[in-house]
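Okay, input_13.txt is below, compact mmCIF, C-alpha atoms and all ligand atoms:
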```txt
# COMPACT_ATOMS: atom_id res chain seq x y z
CA MET V 50 103.41 112.53 -145.12
CA ALA V 51 102.81 115.44 -142.78
CA LYS V 52 105.21 118.34 -142.35
CA LEU V 53 106.61 118.45 -138.84
CA ILE V 54 106.08 121.69 -136.92
CA ASN V 55 109.34 122.05 -135.02
CA GLY V 56 108.52 123.78 -131.72
CA LYS V 57 112.08 123.55 -130.48
CA GLU V 58 113.41 125.45 -133.47
CA ILE V 59 110.62 128.07 -133.55
CA SER V 60 110.99 128.51 -129.81
CA ALA V 61 114.76 129.06 -130.08
CA GLN V 62 114.18 131.68 -132.77
CA ILE V 63 111.63 133.61 -130.63
CA ARG V 64 113.86 133.36 -127.54
CA ALA V 65 116.79 134.80 -129.52
CA GLU V 66 114.56 137.72 -130.55
CA LEU V 67 113.49 138.18 -126.92
CA ALA V 68 117.12 138.19 -125.77
CA GLU V 69 117.87 141.02 -128.24
CA GLU V 70 114.80 143.00 -127.15
CA THR V 71 115.74 142.47 -123.51
CA LYS V 72 119.24 143.76 -124.05
CA ALA V 73 117.86 146.93 -125.64
CA PHE V 74 115.23 147.30 -122.89
CA ILE V 75 117.82 147.01 -120.12
CA ALA V 76 120.10 149.52 -121.88
CA GLU V 77 117.22 151.96 -122.22
CA THR V 78 115.57 151.67 -118.80
CA GLY V 79 118.15 150.10 -116.48
CA ILE V 80 115.47 147.57 -115.53
CA THR V 81 116.16 143.84 -115.73
CA PRO V 82 112.93 141.84 -116.18
CA GLY V 83 112.40 139.63 -113.11
CA LEU V 84 110.35 136.45 -112.76
CA ALA V 85 109.48 134.59 -109.54
CA VAL V 86 108.41 130.97 -109.82
CA ILE V 87 106.76 129.21 -106.89
CA ILE V 88 106.40 125.45 -106.69
CA VAL V 89 104.84 123.61 -103.77
CA GLY V 90 105.51 119.91 -103.18
CA ASP V 91 107.54 117.40 -105.11
CA ASN V 92 105.64 116.72 -108.34
CA PRO V 93 108.50 115.59 -110.63
CA ALA V 94 106.91 117.03 -113.80
CA SER V 95 106.52 120.43 -112.09
CA GLN V 96 110.14 120.33 -110.96
CA VAL V 97 111.26 119.80 -114.55
CA TYR V 98 109.11 122.75 -115.73
CA VAL V 99 110.53 125.00 -113.01
CA ARG V 100 114.10 124.06 -113.89
CA ASN V 101 113.40 124.79 -117.56
CA LYS V 102 111.86 128.15 -116.69
CA ARG V 103 114.92 129.13 -114.69
CA ARG V 104 117.20 128.09 -117.55
CA ALA V 105 115.14 130.10 -120.05
CA CYS V 106 115.40 133.20 -117.82
CA GLU V 107 119.19 132.87 -117.66
CA GLU V 108 119.42 132.36 -121.42
CA ILE V 109 117.38 135.48 -122.22
CA GLY V 110 118.98 137.65 -119.54
CA TYR V 111 116.23 137.95 -116.92
CA TYR V 112 116.57 138.00 -113.17
CA SER V 113 114.78 135.03 -111.60
CA GLU V 114 113.87 133.68 -108.20
CA ALA V 115 112.64 130.14 -107.58
CA TYR V 116 110.75 129.17 -104.43
CA GLU V 117 110.59 125.43 -103.90
CA LEU V 118 108.29 124.99 -100.90
CA PRO V 119 107.56 121.76 -99.03
CA THR V 120 104.25 119.92 -99.53
CA GLU V 121 103.09 120.84 -96.02
CA THR V 122 103.23 124.60 -96.76
CA THR V 123 100.09 126.27 -95.41
CA GLN V 124 97.69 128.48 -97.33
CA GLU V 125 98.72 131.43 -95.14
CA GLU V 126 102.42 130.91 -95.87
CA LEU V 127 101.81 130.72 -99.61
CA MET V 128 99.52 133.76 -99.57
CA ALA V 129 102.13 135.72 -97.58
CA LEU V 130 104.82 134.89 -100.16
CA VAL V 131 102.61 135.95 -103.07
CA ARG V 132 101.77 139.23 -101.32
CA ARG V 133 105.42 139.92 -100.59
CA LEU V 134 106.34 139.31 -104.24
CA ASN V 135 103.48 141.58 -105.35
CA GLY V 136 105.35 144.38 -103.58
CA GLU V 137 108.88 143.50 -104.79
CA GLU V 138 110.09 146.04 -107.30
CA LYS V 139 112.61 143.73 -109.01
CA ILE V 140 109.95 141.06 -109.62
CA HIS V 141 107.71 141.80 -112.62
CA GLY V 142 106.13 138.39 -113.09
CA ILE V 143 104.88 135.81 -110.57
CA LEU V 144 104.07 132.25 -111.52
CA VAL V 145 102.62 129.67 -109.16
CA GLN V 146 103.14 126.24 -110.69
CA LEU V 147 99.93 124.19 -110.88
CA PRO V 148 98.64 121.82 -109.71
CA LEU V 149 99.03 122.73 -106.03
CA PRO V 150 98.78 120.04 -103.33
CA LYS V 151 95.14 119.22 -102.52
CA HIS V 152 94.99 121.04 -99.16
CA LEU V 153 95.74 124.40 -100.82
CA ASP V 154 93.08 126.65 -102.36
CA GLU V 155 94.34 127.29 -105.87
CA HIS V 156 91.68 129.85 -106.72
CA GLU V 157 92.46 132.01 -103.70
CA VAL V 158 96.19 131.94 -104.52
CA LEU V 159 95.67 132.92 -108.17
CA LEU V 160 93.34 135.72 -107.10
CA ALA V 161 96.04 137.08 -104.78
CA ILE V 162 98.56 137.59 -107.61
CA ASP V 163 98.64 141.20 -108.74
CA PRO V 164 97.06 141.06 -112.25
CA LYS V 165 99.93 143.26 -113.49
CA LYS V 166 102.38 140.52 -112.45
CA ASP V 167 100.18 137.63 -113.59
CA VAL V 168 102.38 136.34 -116.44
CA ASP V 169 100.34 133.11 -116.65
CA ALA V 170 97.20 135.17 -117.38
CA PHE V 171 95.22 133.05 -114.91
CA HIS V 172 93.75 135.92 -112.83
CA PRO V 173 90.06 136.54 -113.64
CA THR V 174 90.93 140.13 -114.61
CA ASN V 175 93.32 138.88 -117.28
CA VAL V 176 90.97 136.07 -118.33
CA GLY V 177 88.36 138.78 -118.89
CA HIS V 178 90.81 140.78 -121.02
CA ILE V 179 91.45 137.69 -123.15
CA MET V 180 87.71 137.15 -123.55
CA ILE V 181 87.19 140.63 -125.02
CA GLY V 182 90.36 140.47 -127.11
CA ASP V 183 92.14 143.33 -125.35
CA TYR V 184 95.06 141.83 -123.51
CA ALA V 185 98.69 142.39 -122.59
CA TYR V 186 99.37 138.89 -121.31
CA LEU V 187 99.00 135.90 -123.56
CA PRO V 188 97.77 132.64 -122.04
CA CYS V 189 101.08 130.77 -122.48
CA THR V 190 100.21 127.40 -124.02
CA PRO V 191 97.40 128.62 -126.31
CA ALA V 192 99.57 131.55 -127.42
CA GLY V 193 102.36 129.08 -128.11
CA VAL V 194 100.00 127.14 -130.38
CA MET V 195 99.05 130.34 -132.25
CA ALA V 196 102.74 131.22 -132.71
CA LEU V 197 103.48 127.74 -134.11
CA LEU V 198 100.68 128.15 -136.66
CA GLU V 199 101.79 131.65 -137.61
CA LYS V 200 105.44 130.66 -138.05
CA SER V 201 104.31 127.71 -140.20
CA GLY V 202 102.26 130.01 -142.44
CA ILE V 203 98.90 128.54 -141.35
CA SER V 204 96.07 131.02 -140.86
CA PRO V 205 93.04 129.93 -138.78
CA ALA V 206 90.77 132.48 -140.53
CA GLY V 207 87.67 130.79 -141.95
CA LYS V 208 88.89 127.35 -140.88
CA GLU V 209 87.01 124.76 -138.86
CA VAL V 210 88.97 124.52 -135.63
CA VAL V 211 88.13 121.78 -133.13
CA VAL V 212 89.62 122.13 -129.64
CA VAL V 213 89.33 118.99 -127.54
CA GLY V 214 89.56 119.82 -123.83
CA ARG V 215 87.95 122.67 -121.88
CA SER V 216 90.47 123.47 -119.17
CA ASN V 217 91.02 127.03 -117.98
CA ILE V 218 94.73 126.69 -118.85
CA VAL V 219 94.39 125.46 -122.43
CA GLY V 220 91.00 124.59 -123.96
CA LYS V 221 88.95 127.68 -123.10
CA PRO V 222 91.61 130.34 -123.85
CA GLN V 223 92.66 128.40 -126.96
CA ALA V 224 89.11 128.60 -128.32
CA MET V 225 89.07 132.34 -127.65
CA LEU V 226 92.39 133.01 -129.44
CA MET V 227 91.20 130.98 -132.45
CA LEU V 228 87.96 132.96 -132.48
CA HIS V 229 89.90 136.24 -132.39
CA GLN V 230 91.64 135.02 -135.54
CA ASN V 231 88.31 134.37 -137.25
CA ALA V 232 88.19 130.58 -137.05
CA THR V 233 84.90 128.70 -136.69
CA VAL V 234 85.50 127.05 -133.33
CA THR V 235 84.07 123.93 -131.72
CA VAL V 236 85.08 122.97 -128.18
CA CYS V 237 84.72 119.27 -127.29
CA HIS V 238 84.92 117.47 -123.96
CA SER V 239 84.15 114.20 -122.21
CA ARG V 240 80.39 114.55 -122.83
CA THR V 241 80.68 115.27 -126.56
CA VAL V 242 78.59 112.80 -128.58
CA ASP V 243 80.53 111.04 -131.37
CA LEU V 244 83.87 112.75 -130.78
CA PRO V 245 85.57 111.14 -133.83
CA ALA V 246 82.90 112.58 -136.16
CA VAL V 247 83.27 116.09 -134.69
CA CYS V 248 87.07 115.90 -134.87
CA ARG V 249 86.88 114.82 -138.52
CA ARG V 250 85.33 118.22 -139.30
CA ALA V 251 88.53 119.93 -138.19
CA ASP V 252 90.87 121.70 -140.56
CA ILE V 253 92.90 122.37 -137.41
CA LEU V 254 92.60 119.97 -134.48
CA VAL V 255 93.97 120.95 -131.07
CA ALA V 256 94.23 117.94 -128.73
CA ALA V 257 94.40 118.87 -125.05
CA ILE V 258 92.84 116.15 -122.91
CA GLY V 259 95.84 114.51 -121.22
CA LYS V 260 95.26 110.97 -122.48
CA ALA V 261 98.26 109.22 -124.01
CA ASP V 262 97.99 108.40 -127.74
CA PHE V 263 94.18 108.85 -127.66
CA PHE V 264 93.64 110.42 -131.10
CA THR V 265 94.06 107.87 -133.89
CA ALA V 266 93.54 108.21 -137.65
CA GLU V 267 89.75 107.82 -137.33
CA TYR V 268 89.64 111.29 -135.65
CA ILE V 269 91.47 113.03 -138.49
CA LYS V 270 90.30 114.55 -141.75
CA GLU V 271 92.68 114.00 -144.65
CA GLY V 272 95.07 116.99 -144.76
CA ALA V 273 94.21 118.37 -141.30
CA VAL V 274 96.68 120.35 -139.17
CA VAL V 275 97.13 118.44 -135.90
CA ILE V 276 98.37 120.24 -132.79
CA ASP V 277 99.18 118.02 -129.82
CA VAL V 278 99.17 119.78 -126.45
CA GLY V 279 99.35 116.52 -124.47
CA MET V 280 102.30 115.65 -122.22
CA ASN V 281 101.82 112.15 -120.89
CA ARG V 282 104.21 109.57 -119.50
CA ARG V 283 103.89 106.07 -120.90
CA ALA V 284 104.39 103.07 -118.61
CA ASP V 285 107.93 102.76 -120.01
CA GLY V 286 108.67 106.34 -118.85
CA LYS V 287 108.64 107.84 -122.37
CA LEU V 288 106.95 111.19 -122.94
CA THR V 289 104.03 111.06 -125.37
CA GLY V 290 101.23 113.34 -126.51
CA ASP V 291 97.46 112.93 -126.81
CA VAL V 292 97.87 112.03 -130.48
CA ASP V 293 98.88 108.60 -131.71
CA PHE V 294 101.60 110.02 -133.95
CA ALA V 295 102.28 106.90 -136.04
CA SER V 296 98.60 106.48 -136.91
CA VAL V 297 97.81 110.18 -137.54
CA GLU V 298 100.95 111.46 -139.27
CA PRO V 299 100.24 109.88 -142.70
CA LYS V 300 96.82 111.60 -142.83
CA ALA V 301 97.77 115.07 -141.55
CA SER V 302 99.26 117.93 -143.55
CA TYR V 303 101.12 119.35 -140.52
CA ILE V 304 101.67 117.84 -137.10
CA THR V 305 103.47 118.80 -133.88
CA PRO V 306 105.65 116.13 -132.27
CA VAL V 307 105.84 115.38 -128.52
CA PRO V 308 108.34 116.23 -127.22
CA GLY V 309 109.57 119.20 -129.25
CA GLY V 310 106.24 120.66 -130.40
CA VAL V 311 104.00 122.78 -128.18
CA GLY V 312 105.99 122.13 -124.98
CA PRO V 313 108.94 124.50 -125.55
CA MET V 314 106.55 127.22 -126.75
CA THR V 315 104.75 127.48 -123.40
CA ILE V 316 107.89 128.66 -121.62
CA THR V 317 108.79 130.93 -124.53
CA MET V 318 105.42 132.69 -124.24
CA LEU V 319 105.96 132.99 -120.49
CA MET V 320 109.27 134.72 -121.25
CA LYS V 321 107.48 137.05 -123.63
CA ASN V 322 104.93 137.91 -120.94
CA THR V 323 107.70 138.60 -118.44
CA LEU V 324 109.27 141.19 -120.76
CA THR V 325 105.79 142.70 -121.29
CA ALA V 326 105.37 142.90 -117.49
CA ALA V 327 108.70 144.72 -117.13
CA ARG V 328 107.75 147.11 -119.94
CA LEU V 329 104.44 147.90 -118.24
CA ALA V 330 106.24 148.52 -114.94
CA ALA V 331 108.78 150.79 -116.69
CA ALA V 332 106.02 152.77 -118.43
CA LYS V 333 104.45 153.57 -115.05
CA LYS V 334 107.66 155.07 -113.63
N1 LIG X 1 100.90 123.63 -114.94
C1 LIG X 1 100.81 123.13 -116.20
N2 LIG X 1 100.90 124.15 -117.10
C2 LIG X 1 101.05 125.28 -116.39
C3 LIG X 1 101.23 126.64 -116.77
O1 LIG X 1 101.23 127.03 -117.93
N3 LIG X 1 101.38 127.51 -115.73
C4 LIG X 1 101.36 127.12 -114.43
N4 LIG X 1 101.48 128.05 -113.49
N5 LIG X 1 101.19 125.88 -114.05
C5 LIG X 1 101.06 124.95 -115.04
```
Output the structure of this file as structure tokens.
Amino acid sequence: MAKLINGKEISAQIRAELAEETKAFIAETGITPGLAVIIVGDNPASQVYVRNKRRACEEIGYYSEAYELPTETTQEELMALVRRLNGEEKIHGILVQLPLPKHLDEHEVLLAIDPKKDVDAFHPTNVGHIMIGDYAYLPCTPAGVMALLEKSGISPAGKEVVVVGRSNIVGKPQAMLMLHQNATVTVCHSRTVDLPAVCRRADILVAAIGKADFFTAEYIKEGAVVIDVGMNRRADGKLTGDVDFASVEPKASYITPVPGGVGPMTITMLMKNTLTAARLAAAKK
């Protein structure tokens, strides 16, 4: 029987701490942290994320702006909005929800965000800071995973960590954060030979490939910590992770559920970055 890592509970605890810190910060500086979220098109999953981000801002005491733009928004219009927000004093963090509709150049948009306001840590400047281990902004989902481990008393130091997935949002920065904490890290992907055998080496397995219920017991070493970053919709509309929970849970020592595991932590880390952004802006005044 695995212990459940409760992301909802850990997230609520961190958000309560952030709300306290924010109150003190506002009292001290007169600055209310401000986050702008931009979403283009009508991807239902993205709309849910944006709604949750706005709710989290209200709960913690931030100022927030949400821009819900139509699918046919042009590159120039989106770039103009990002540039305007770069210059807005009350906005400390800018987030452009991904994926963008196909006709838009994602890379150009992310490059246009002022790295000081890049609370997603997607700008190459911030990616570089993460690479060398000297960073203000945490990549949200991987940092959420690290916080879950820390709050559960699990140290990656000296452990075999296997990250499955090599995206810029999760897999690559996740590997880097694990390395910074002295894990021995393997990154797997679609061309990995004998994926189950590599995964069975893992003391800590991070599943981030976006395939519903893909990881079954044959991928798991007895007693492994299993972190499920997946968020997939089953045909019946139910949310499910990359891990086949029923098959894996009896073999794992700790496991994150979906929903209620990594998911809530991503927004919590975004909130943390937004306060960091406001602090950096205040320090420059
Ligand atoms: N789409 C899926 N995850 C994320 C995220 O963490 N940030 C942004 N901007 N878009 C996403």
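Every protein or nucleic acid residue with an atom no more than 10 Å from Thr120 (chain V), counting all atoms listed in the file and leaving out same-chain residues fewer than 3 positions away, appears here: Ile88, Val89, Gly90, Asp91, Asn92, Glu117, Thr123, Leu149, Pro150, Lys151, His152 and Leu153 of chain V.
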Taking only C-alpha atoms and all ligand atoms into account, list the residues no farther than 6 Å from ligand LIG 1 (chain X), as a tab-separated table (two decimals) with C-alpha atoms, in the frame of the given file.
```tsv
chain	number	residue	atom	x	y	z
V	144	LEU	CA	104.07	132.25	-111.52
V	145	VAL	CA	102.62	129.67	-109.16
V	146	GLN	CA	103.14	126.24	-110.69
V	147	LEU	CA	99.93	124.19	-110.88
V	148	PRO	CA	98.64	121.82	-109.71
V	169	ASP	CA	100.34	133.11	-116.65
V	189	CYS	CA	101.08	130.77	-122.48
```
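Across the structure, CA of Gly142 (chain V) and CA of Ile258 (chain V) are spaced 27.7 Å apart.
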For the point (80.8, 114.9, -135.6) in the file's frame, write as an MDAnalysis selection string all residues with an atom no more than 12 Å away, counting only C-alpha atoms.
-> chainID V and resid 211 235:237 241:251 267:270
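The closest residue to Gly279 (chain V), picked from V:Pro82, V:Pro306, V:Pro299, V:Pro93 and counting all atoms listed in the file, is V:Pro306.
Proximity of V:Ile218, V:Ile181, V:Ile54, V:Val158 to Ser201 (chain V), computed with only C-alpha atoms, is greatest for V:Ile54.
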Since the input lacks atoms, please generate N, CA, C and O atoms for region 54-76 of chain V and provide them as a PDB file, in the coordinates of the input.
```pdb
ATOM      1  N   ILE V  54     105.941 120.335-137.461  1.00  0.00           N
ATOM      2  CA  ILE V  54     106.080 121.690-136.920  1.00  0.00           C
ATOM      3  C   ILE V  54     107.077 121.610-135.767  1.00  0.00           C
ATOM      4  O   ILE V  54     106.796 120.978-134.744  1.00  0.00           O
ATOM      5  N   ASN V  55     108.246 122.210-135.969  1.00  0.00           N
ATOM      6  CA  ASN V  55     109.340 122.050-135.020  1.00  0.00           C
ATOM      7  C   ASN V  55     109.300 123.144-133.938  1.00  0.00           C
ATOM      8  O   ASN V  55     109.812 124.243-134.120  1.00  0.00           O
ATOM      9  N   GLY V  56     108.689 122.813-132.815  1.00  0.00           N
ATOM     10  CA  GLY V  56     108.520 123.780-131.720  1.00  0.00           C
ATOM     11  C   GLY V  56     109.832 124.176-131.084  1.00  0.00           C
ATOM     12  O   GLY V  56     109.975 125.295-130.590  1.00  0.00           O
ATOM     13  N   LYS V  57     110.777 123.267-131.097  1.00  0.00           N
ATOM     14  CA  LYS V  57     112.080 123.550-130.480  1.00  0.00           C
ATOM     15  C   LYS V  57     112.785 124.655-131.278  1.00  0.00           C
ATOM     16  O   LYS V  57     113.315 125.606-130.702  1.00  0.00           O
ATOM     17  N   GLU V  58     112.732 124.502-132.594  1.00  0.00           N
ATOM     18  CA  GLU V  58     113.410 125.450-133.470  1.00  0.00           C
ATOM     19  C   GLU V  58     112.717 126.822-133.442  1.00  0.00           C
ATOM     20  O   GLU V  58     113.366 127.864-133.311  1.00  0.00           O
ATOM     21  N   ILE V  59     111.385 126.808-133.543  1.00  0.00           N
ATOM     22  CA  ILE V  59     110.620 128.070-133.550  1.00  0.00           C
ATOM     23  C   ILE V  59     110.803 128.776-132.208  1.00  0.00           C
ATOM     24  O   ILE V  59     110.975 129.989-132.129  1.00  0.00           O
ATOM     25  N   SER V  60     110.812 127.974-131.150  1.00  0.00           N
ATOM     26  CA  SER V  60     110.990 128.510-129.810  1.00  0.00           C
ATOM     27  C   SER V  60     112.373 129.175-129.670  1.00  0.00           C
ATOM     28  O   SER V  60     112.488 130.281-129.126  1.00  0.00           O
ATOM     29  N   ALA V  61     113.391 128.517-130.172  1.00  0.00           N
ATOM     30  CA  ALA V  61     114.760 129.060-130.080  1.00  0.00           C
ATOM     31  C   ALA V  61     114.846 130.392-130.835  1.00  0.00           C
ATOM     32  O   ALA V  61     115.486 131.349-130.361  1.00  0.00           O
ATOM     33  N   GLN V  62     114.180 130.463-131.952  1.00  0.00           N
ATOM     34  CA  GLN V  62     114.180 131.680-132.770  1.00  0.00           C
ATOM     35  C   GLN V  62     113.502 132.836-131.994  1.00  0.00           C
ATOM     36  O   GLN V  62     114.041 133.941-131.912  1.00  0.00           O
ATOM     37  N   ILE V  63     112.347 132.554-131.386  1.00  0.00           N
ATOM     38  CA  ILE V  63     111.630 133.610-130.630  1.00  0.00           C
ATOM     39  C   ILE V  63     112.445 134.012-129.395  1.00  0.00           C
ATOM     40  O   ILE V  63     112.534 135.193-129.058  1.00  0.00           O
ATOM     41  N   ARG V  64     113.061 133.033-128.737  1.00  0.00           N
ATOM     42  CA  ARG V  64     113.860 133.360-127.540  1.00  0.00           C
ATOM     43  C   ARG V  64     115.068 134.223-127.904  1.00  0.00           C
ATOM     44  O   ARG V  64     115.456 135.107-127.146  1.00  0.00           O
ATOM     45  N   ALA V  65     115.656 133.973-129.074  1.00  0.00           N
ATOM     46  CA  ALA V  65     116.790 134.800-129.520  1.00  0.00           C
ATOM     47  C   ALA V  65     116.309 136.231-129.747  1.00  0.00           C
ATOM     48  O   ALA V  65     116.995 137.196-129.371  1.00  0.00           O
ATOM     49  N   GLU V  66     115.123 136.374-130.343  1.00  0.00           N
ATOM     50  CA  GLU V  66     114.560 137.720-130.550  1.00  0.00           C
ATOM     51  C   GLU V  66     114.297 138.403-129.206  1.00  0.00           C
ATOM     52  O   GLU V  66     114.583 139.583-129.027  1.00  0.00           O
ATOM     53  N   LEU V  67     113.770 137.627-128.256  1.00  0.00           N
ATOM     54  CA  LEU V  67     113.490 138.180-126.920  1.00  0.00           C
ATOM     55  C   LEU V  67     114.773 138.629-126.232  1.00  0.00           C
ATOM     56  O   LEU V  67     114.797 139.663-125.552  1.00  0.00           O
ATOM     57  N   ALA V  68     115.841 137.841-126.397  1.00  0.00           N
ATOM     58  CA  ALA V  68     117.120 138.190-125.770  1.00  0.00           C
ATOM     59  C   ALA V  68     117.628 139.537-126.312  1.00  0.00           C
ATOM     60  O   ALA V  68     118.115 140.382-125.553  1.00  0.00           O
ATOM     61  N   GLU V  69     117.463 139.746-127.623  1.00  0.00           N
ATOM     62  CA  GLU V  69     117.870 141.020-128.240  1.00  0.00           C
ATOM     63  C   GLU V  69     117.029 142.173-127.690  1.00  0.00           C
ATOM     64  O   GLU V  69     117.548 143.216-127.306  1.00  0.00           O
ATOM     65  N   GLU V  70     115.714 141.952-127.674  1.00  0.00           N
ATOM     66  CA  GLU V  70     114.800 143.000-127.150  1.00  0.00           C
ATOM     67  C   GLU V  70     115.118 143.322-125.699  1.00  0.00           C
ATOM     68  O   GLU V  70     115.046 144.475-125.280  1.00  0.00           O
ATOM     69  N   THR V  71     115.453 142.286-124.939  1.00  0.00           N
ATOM     70  CA  THR V  71     115.740 142.470-123.510  1.00  0.00           C
ATOM     71  C   THR V  71     116.997 143.306-123.322  1.00  0.00           C
ATOM     72  O   THR V  71     117.034 144.201-122.473  1.00  0.00           O
ATOM     73  N   LYS V  72     118.000 143.010-124.128  1.00  0.00           N
ATOM     74  CA  LYS V  72     119.240 143.760-124.050  1.00  0.00           C
ATOM     75  C   LYS V  72     118.955 145.258-124.273  1.00  0.00           C
ATOM     76  O   LYS V  72     119.409 146.119-123.522  1.00  0.00           O
ATOM     77  N   ALA V  73     118.189 145.535-125.306  1.00  0.00           N
ATOM     78  CA  ALA V  73     117.860 146.930-125.640  1.00  0.00           C
ATOM     79  C   ALA V  73     117.029 147.563-124.516  1.00  0.00           C
ATOM     80  O   ALA V  73     117.245 148.724-124.148  1.00  0.00           O
ATOM     81  N   PHE V  74     116.089 146.791-123.966  1.00  0.00           N
ATOM     82  CA  PHE V  74     115.230 147.300-122.890  1.00  0.00           C
ATOM     83  C   PHE V  74     116.039 147.654-121.649  1.00  0.00           C
ATOM     84  O   PHE V  74     115.853 148.718-121.045  1.00  0.00           O
ATOM     85  N   ILE V  75     116.987 146.769-121.301  1.00  0.00           N
ATOM     86  CA  ILE V  75     117.820 147.010-120.120  1.00  0.00           C
ATOM     87  C   ILE V  75     118.697 148.253-120.346  1.00  0.00           C
ATOM     88  O   ILE V  75     118.830 149.106-119.464  1.00  0.00           O
ATOM     89  N   ALA V  76     119.248 148.359-121.559  1.00  0.00           N
ATOM     90  CA  ALA V  76     120.100 149.520-121.880  1.00  0.00           C
ATOM     91  C   ALA V  76     119.306 150.816-121.773  1.00  0.00           C
ATOM     92  O   ALA V  76     119.814 151.840-121.306  1.00  0.00           O
TER      93      ALA V  76
END
```
